[in-house]
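Working notes, structure below.
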Amino acid sequence: MKQFISDIADALSMLGSLQKDLSINDFKPNELKVFYTIIGSENQTGEPCNISDVVTNSGMSRSTVYKTLKKLVAINIIQLEQSVLDKREFLIKLN
Amino acid sequence: MKHFLSISITSFVFSFSLWIFWSYFLMQVDMSPSWDGSLIYLPHAARVLCVVYFGYKSIPALYCAEILGPLTIYSAVPDPQMLFLAMLSVLSVPFALFLLTAIGFSLGNTRESPLNKRNYRHVALITIISAMLNALGVNLVLSFFEVNYFQELVDVAQVTRFLVGDILGSATVFLVLAVAFRPLLRKNV
């Protein structure tokens, strides 16, 4: 049984290294939700989404989304770019 | 014996579940089989993970899962060729490990190991090599026996579909597991 647990620990360690490189190992539920919303939205439209899209699609409040996006920018997961069409809007680009 | 039993049960349940999930959700489109589903062949991940982490003892359970999957979903009693092909697919991972060991990359679980099973990049390398062996081996045998369950002739597109399917399917399972085990990994890593 000891060997079996050690094998499972090795497998979990491999998954941990994958998480670390994907930078999702210390995501909180809110951050994951925003991250998946961005990916889902980009996948659907084929274009970078804006903050309003994330607020609408995630069902979270605008302030929570802003706070979460700020953290994702700080850890270099995404970057915000001012929209050329609407200067008041920011586009979210995945790094 | 207890270790073998734990390994066999885990390997069988993991591989069988992936097979059922893949067959039911990816192969069946409006209840009609679509071979496009083989572009994301999830059960290859079970072969790789079980052989890499549990060793050769997991092979019998993986083989049983490969045979019982079609039997459960399609009630298809496998013919001798299918039994041989299933064995070949399961053995693609030990073959890949054997090849890597032969060129000096033996499997271990430390940073110094040439092939570290704790490093996902090394597991990805094993996945790619075993997918190549599986794609070439299975399609070679299909051509040799002059049977093909997928279309009239084995062609490059089918070999490519096998290769891409095994790699994409394994990558999908690894990512889903990495996300699913986040709470556990946060404590351990």
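By order in the structure tokens, chains are A, B, ...; within a chain, residues start at 1; ligands start at 1, following the order shown.
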Nearby residues (only C-alpha atoms) at most 8 Å from Leu97 of chain B, same-chain spacing under 4 positions excluded, as a ChimeraX atom specification: /B:93,101,106-107,126
Spatial neighbours of Leu71 of chain B, 12 Å, only C-alpha atoms, chain gap at least 6 places, as a ChimeraX atom specification: /B:16,19-20,23,64-65,77-79,82-83
With C-alpha atoms retained, export the selected residues as a PDB file, in the first residue's frame.
```pdb
ATOM      1  CA  PHE B  16     -12.627   1.848 -18.442  1.00  0.00           C
ATOM      2  CA  TRP B  19     -13.201   4.662 -22.585  1.00  0.00           C
ATOM      3  CA  ILE B  20     -16.904   4.849 -21.713  1.00  0.00           C
ATOM      4  CA  SER B  23     -17.165   6.541 -26.580  1.00  0.00           C
ATOM      5  CA  CYS B  64      -9.184  -5.884 -19.778  1.00  0.00           C
ATOM      6  CA  ALA B  65     -10.529  -2.312 -19.876  1.00  0.00           C
ATOM      7  CA  VAL B  77     -17.541  -9.513 -28.796  1.00  0.00           C
ATOM      8  CA  PRO B  78     -13.976  -8.757 -29.933  1.00  0.00           C
ATOM      9  CA  ASP B  79     -12.543 -10.892 -32.745  1.00  0.00           C
ATOM     10  CA  MET B  82      -9.235  -6.770 -32.180  1.00  0.00           C
ATOM     11  CA  LEU B  83      -7.791  -8.638 -29.198  1.00  0.00           C
TER      12      LEU B  83
END
```
Atom-to-atom span, atom CA of His3 of chain B and atom CA of Met14 of chain A, Å: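 Taking atom CA of His3 of chain B as the start and atom CA of Met14 of chain A as the end point, the length is 21.4 Å.
Residues in contact with Leu32 of chain A at 12 Å, where only C-alpha atoms are counted and same-chain residues fewer than 5 positions away are skipped, are listed as Ser23, Ile24, Asn25, Asp26, Phe27, Thr37, Ile38, Ile39, Gly40, Ser58, Val65, Thr68, Leu69, Lys71, Leu72 and Ile77 of chain A; Val179, Ala180 and Arg182 of chain B.
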Could you write out that same residue set with N, CA and C atoms as a short mmCIF file (atom, residue, chain, number, x, y, z; two decimals), in the first residue's frame?
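Saved to part-v8.cif:
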```cif
data_model
loop_
_atom_site.label_atom_id
_atom_site.label_comp_id
_atom_site.auth_asym_id
_atom_site.auth_seq_id
_atom_site.Cartn_x
_atom_site.Cartn_y
_atom_site.Cartn_z
N SER A 23 0.42 28.35 -14.56
CA SER A 23 0.12 29.44 -13.61
C SER A 23 -1.30 29.39 -13.09
N ILE A 24 -1.84 28.20 -12.88
CA ILE A 24 -3.19 28.13 -12.32
C ILE A 24 -3.17 27.45 -10.95
N ASN A 25 -1.94 27.28 -10.40
CA ASN A 25 -1.86 26.53 -9.15
C ASN A 25 -2.35 27.31 -7.94
N ASP A 26 -2.31 28.65 -8.02
CA ASP A 26 -2.79 29.36 -6.83
C ASP A 26 -4.00 30.24 -7.17
N PHE A 27 -4.75 29.83 -8.17
CA PHE A 27 -5.96 30.57 -8.51
C PHE A 27 -7.04 30.34 -7.47
N THR A 37 -13.95 32.25 -18.16
CA THR A 37 -14.90 33.09 -18.92
C THR A 37 -14.18 33.76 -20.09
N ILE A 38 -12.96 34.24 -19.83
CA ILE A 38 -12.19 34.90 -20.89
C ILE A 38 -11.88 33.89 -22.00
N ILE A 39 -11.40 32.71 -21.60
CA ILE A 39 -11.06 31.68 -22.60
C ILE A 39 -12.30 31.28 -23.40
N GLY A 40 -13.41 31.05 -22.69
CA GLY A 40 -14.66 30.64 -23.34
C GLY A 40 -15.15 31.68 -24.33
N SER A 58 -19.83 36.07 -16.76
CA SER A 58 -19.45 35.39 -15.52
C SER A 58 -20.54 35.52 -14.45
N VAL A 65 -14.88 41.64 -10.82
CA VAL A 65 -14.19 41.33 -12.09
C VAL A 65 -12.96 42.23 -12.24
N THR A 68 -10.24 41.10 -9.91
CA THR A 68 -9.65 39.82 -10.35
C THR A 68 -8.77 40.02 -11.57
N LEU A 69 -9.24 40.87 -12.51
CA LEU A 69 -8.44 41.13 -13.72
C LEU A 69 -7.10 41.78 -13.36
N LYS A 71 -5.40 41.29 -10.70
CA LYS A 71 -4.49 40.26 -10.19
C LYS A 71 -3.93 39.42 -11.35
N LEU A 72 -4.81 39.11 -12.32
CA LEU A 72 -4.37 38.30 -13.46
C LEU A 72 -3.33 39.06 -14.30
N ILE A 77 -0.85 36.77 -16.58
CA ILE A 77 -1.68 35.79 -17.28
C ILE A 77 -2.37 36.47 -18.46
N VAL B 179 -6.55 20.46 -13.21
CA VAL B 179 -7.53 21.42 -12.69
C VAL B 179 -8.37 20.77 -11.58
N ALA B 180 -8.77 19.52 -11.81
CA ALA B 180 -9.65 18.84 -10.84
C ALA B 180 -8.96 18.61 -9.50
N ARG B 182 -6.72 20.48 -8.08
CA ARG B 182 -6.13 21.71 -7.56
C ARG B 182 -6.14 21.81 -6.03
#
```
Which residues in chain B does DSSP call alpha helix (DSSP H)? List them as a PyMOL selection string. chain B and resi 2-21+43-54+59-74+80-102+120-145+156-180+182-188
Taking only C-alpha atoms into account, which of B:Ser38, B:Ser143, B:Ser8, B:Thr72 comes nearest chain A? B:Ser8
Tell me as a VMD selection string which residues belonging to chain A come within 6 Å of chain B, counting only C-alpha atoms. chain A and resid 1 7 10 13 to 15 18
Applying 10 Å and only C-alpha atoms, which residues near segment 87-94 of chain A remain after dropping the ones on its own chain fewer than 4 positions away? List them as a PDB file with N, CA, C and O atoms, in the first residue's frame.
```
ATOM      1  N   PHE A  35     -10.971  33.604 -15.476  1.00  0.00           N
ATOM      2  CA  PHE A  35     -10.033  33.042 -16.461  1.00  0.00           C
ATOM      3  C   PHE A  35     -10.768  32.171 -17.485  1.00  0.00           C
ATOM      4  O   PHE A  35     -10.588  32.314 -18.696  1.00  0.00           O
ATOM      5  N   ILE A  38     -12.961  34.242 -19.827  1.00  0.00           N
ATOM      6  CA  ILE A  38     -12.185  34.897 -20.886  1.00  0.00           C
ATOM      7  C   ILE A  38     -11.875  33.894 -22.005  1.00  0.00           C
ATOM      8  O   ILE A  38     -12.088  34.176 -23.191  1.00  0.00           O
ATOM      9  N   ILE A  39     -11.404  32.707 -21.600  1.00  0.00           N
ATOM     10  CA  ILE A  39     -11.058  31.682 -22.596  1.00  0.00           C
ATOM     11  C   ILE A  39     -12.297  31.278 -23.401  1.00  0.00           C
ATOM     12  O   ILE A  39     -12.265  31.203 -24.628  1.00  0.00           O
ATOM     13  N   GLU A  42     -13.350  34.081 -25.817  1.00  0.00           N
ATOM     14  CA  GLU A  42     -12.418  34.169 -26.960  1.00  0.00           C
ATOM     15  C   GLU A  42     -12.635  33.013 -27.919  1.00  0.00           C
ATOM     16  O   GLU A  42     -12.585  33.173 -29.132  1.00  0.00           O
ATOM     17  N   GLU A  47     -12.199  36.430 -31.036  1.00  0.00           N
ATOM     18  CA  GLU A  47     -11.577  37.746 -30.828  1.00  0.00           C
ATOM     19  C   GLU A  47     -11.407  38.001 -29.335  1.00  0.00           C
ATOM     20  O   GLU A  47     -12.127  37.404 -28.521  1.00  0.00           O
ATOM     21  N   PRO A  48     -10.472  38.887 -28.973  1.00  0.00           N
ATOM     22  CA  PRO A  48     -10.322  39.195 -27.543  1.00  0.00           C
ATOM     23  C   PRO A  48     -11.619  39.797 -26.981  1.00  0.00           C
ATOM     24  O   PRO A  48     -12.273  40.599 -27.665  1.00  0.00           O
ATOM     25  N   CYS A  49     -12.002  39.414 -25.774  1.00  0.00           N
ATOM     26  CA  CYS A  49     -13.238  39.959 -25.199  1.00  0.00           C
ATOM     27  C   CYS A  49     -12.912  41.222 -24.408  1.00  0.00           C
ATOM     28  O   CYS A  49     -11.746  41.521 -24.146  1.00  0.00           O
ATOM     29  N   ASN A  50     -13.950  41.971 -24.046  1.00  0.00           N
ATOM     30  CA  ASN A  50     -13.713  43.148 -23.218  1.00  0.00           C
ATOM     31  C   ASN A  50     -14.262  42.904 -21.803  1.00  0.00           C
ATOM     32  O   ASN A  50     -14.873  41.864 -21.537  1.00  0.00           O
ATOM     33  N   ILE A  51     -14.022  43.870 -20.926  1.00  0.00           N
ATOM     34  CA  ILE A  51     -14.388  43.671 -19.517  1.00  0.00           C
ATOM     35  C   ILE A  51     -15.899  43.481 -19.361  1.00  0.00           C
ATOM     36  O   ILE A  51     -16.349  42.647 -18.567  1.00  0.00           O
ATOM     37  N   SER A  52     -16.680  44.215 -20.146  1.00  0.00           N
ATOM     38  CA  SER A  52     -18.149  44.090 -20.045  1.00  0.00           C
ATOM     39  C   SER A  52     -18.596  42.676 -20.394  1.00  0.00           C
ATOM     40  O   SER A  52     -19.520  42.138 -19.772  1.00  0.00           O
ATOM     41  N   ASP A  53     -17.934  42.062 -21.387  1.00  0.00           N
ATOM     42  CA  ASP A  53     -18.265  40.673 -21.748  1.00  0.00           C
ATOM     43  C   ASP A  53     -18.054  39.751 -20.549  1.00  0.00           C
ATOM     44  O   ASP A  53     -18.864  38.859 -20.279  1.00  0.00           O
ATOM     45  N   VAL A  54     -16.929  39.950 -19.862  1.00  0.00           N
ATOM     46  CA  VAL A  54     -16.608  39.086 -18.715  1.00  0.00           C
ATOM     47  C   VAL A  54     -17.649  39.276 -17.613  1.00  0.00           C
ATOM     48  O   VAL A  54     -18.117  38.304 -17.008  1.00  0.00           O
ATOM     49  N   LEU A  69      -9.241  40.869 -12.509  1.00  0.00           N
ATOM     50  CA  LEU A  69      -8.441  41.133 -13.721  1.00  0.00           C
ATOM     51  C   LEU A  69      -7.104  41.778 -13.356  1.00  0.00           C
ATOM     52  O   LEU A  69      -6.068  41.461 -13.939  1.00  0.00           O
ATOM     53  N   LEU A  72      -4.813  39.107 -12.320  1.00  0.00           N
ATOM     54  CA  LEU A  72      -4.372  38.301 -13.465  1.00  0.00           C
ATOM     55  C   LEU A  72      -3.334  39.057 -14.300  1.00  0.00           C
ATOM     56  O   LEU A  72      -2.420  38.461 -14.859  1.00  0.00           O
ATOM     57  N   VAL A  73      -3.487  40.400 -14.366  1.00  0.00           N
ATOM     58  CA  VAL A  73      -2.489  41.221 -15.081  1.00  0.00           C
ATOM     59  C   VAL A  73      -1.174  41.195 -14.305  1.00  0.00           C
ATOM     60  O   VAL A  73      -0.092  41.016 -14.884  1.00  0.00           O
ATOM     61  N   ASN A  76       0.821  38.249 -14.830  1.00  0.00           N
ATOM     62  CA  ASN A  76       1.182  38.084 -16.244  1.00  0.00           C
ATOM     63  C   ASN A  76       0.400  36.986 -16.985  1.00  0.00           C
ATOM     64  O   ASN A  76       0.929  36.357 -17.892  1.00  0.00           O
ATOM     65  N   ILE A  77      -0.848  36.775 -16.580  1.00  0.00           N
ATOM     66  CA  ILE A  77      -1.683  35.789 -17.277  1.00  0.00           C
ATOM     67  C   ILE A  77      -2.367  36.471 -18.461  1.00  0.00           C
ATOM     68  O   ILE A  77      -2.530  35.888 -19.521  1.00  0.00           O
ATOM     69  N   ILE A  78      -2.789  37.716 -18.240  1.00  0.00           N
ATOM     70  CA  ILE A  78      -3.473  38.481 -19.286  1.00  0.00           C
ATOM     71  C   ILE A  78      -2.862  39.876 -19.390  1.00  0.00           C
ATOM     72  O   ILE A  78      -2.098  40.279 -18.512  1.00  0.00           O
ATOM     73  N   GLN A  79      -3.201  40.584 -20.462  1.00  0.00           N
ATOM     74  CA  GLN A  79      -2.870  42.013 -20.524  1.00  0.00           C
ATOM     75  C   GLN A  79      -4.085  42.777 -21.038  1.00  0.00           C
ATOM     76  O   GLN A  79      -4.885  42.229 -21.802  1.00  0.00           O
ATOM     77  N   LEU A  80      -4.207  44.009 -20.583  1.00  0.00           N
ATOM     78  CA  LEU A  80      -5.349  44.844 -20.998  1.00  0.00           C
ATOM     79  C   LEU A  80      -4.878  45.848 -22.041  1.00  0.00           C
ATOM     80  O   LEU A  80      -3.839  46.481 -21.876  1.00  0.00           O
ATOM     81  N   GLU A  81      -5.669  45.955 -23.112  1.00  0.00           N
ATOM     82  CA  GLU A  81      -5.322  46.916 -24.171  1.00  0.00           C
ATOM     83  C   GLU A  81      -6.533  47.776 -24.467  1.00  0.00           C
ATOM     84  O   GLU A  81      -7.652  47.251 -24.562  1.00  0.00           O
ATOM     85  N   GLN A  82      -6.315  49.086 -24.621  1.00  0.00           N
ATOM     86  CA  GLN A  82      -7.426  49.987 -24.919  1.00  0.00           C
ATOM     87  C   GLN A  82      -8.002  49.664 -26.304  1.00  0.00           C
ATOM     88  O   GLN A  82      -7.237  49.477 -27.264  1.00  0.00           O
ATOM     89  N   SER A  83      -9.324  49.583 -26.370  1.00  0.00           N
ATOM     90  CA  SER A  83      -9.968  49.276 -27.645  1.00  0.00           C
ATOM     91  C   SER A  83      -9.824  50.444 -28.620  1.00  0.00           C
ATOM     92  O   SER A  83      -9.951  51.606 -28.229  1.00  0.00           O
TER      93      SER A  83
END
```
Calculated over only C-alpha atoms, which of the candidates A:Thr64, A:Asp86, A:Lys70, A:Thr45 has the smallest distance to Asn30 of chain A?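 Closest to Asn30 of chain A of all the choices is A:Thr64.
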Write out as an NGL selection string all residues of segment 41-85 of chain A that backbone DSSP assigns to strand (DSSP E or B). :A and (50 or 78-82)
Atom CA of Ala86 of chain B to atom CA of Asp155 of chain B, distance in Å rounded to a single decimal: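 According to the coordinates, atom CA of Ala86 of chain B and atom CA of Asp155 of chain B are separated by 19.7 Å.
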Excluding same-chain residues fewer than 3 positions from segment 130-139 of chain B, what lies within 9 Å of it counting only C-alpha atoms, as a VMD selection string? chain B and resid 44 48 85 to 86 88 to 97 125 to 127 142 to 144 148 154 to 155 158 to 167
Choose the residue, out of B:Ile129, B:Tyr41, B:Leu68, B:Ser17, that has the smallest atom-to-atom separation from Leu99 of chain B; count only C-alpha atoms. B:Ile129
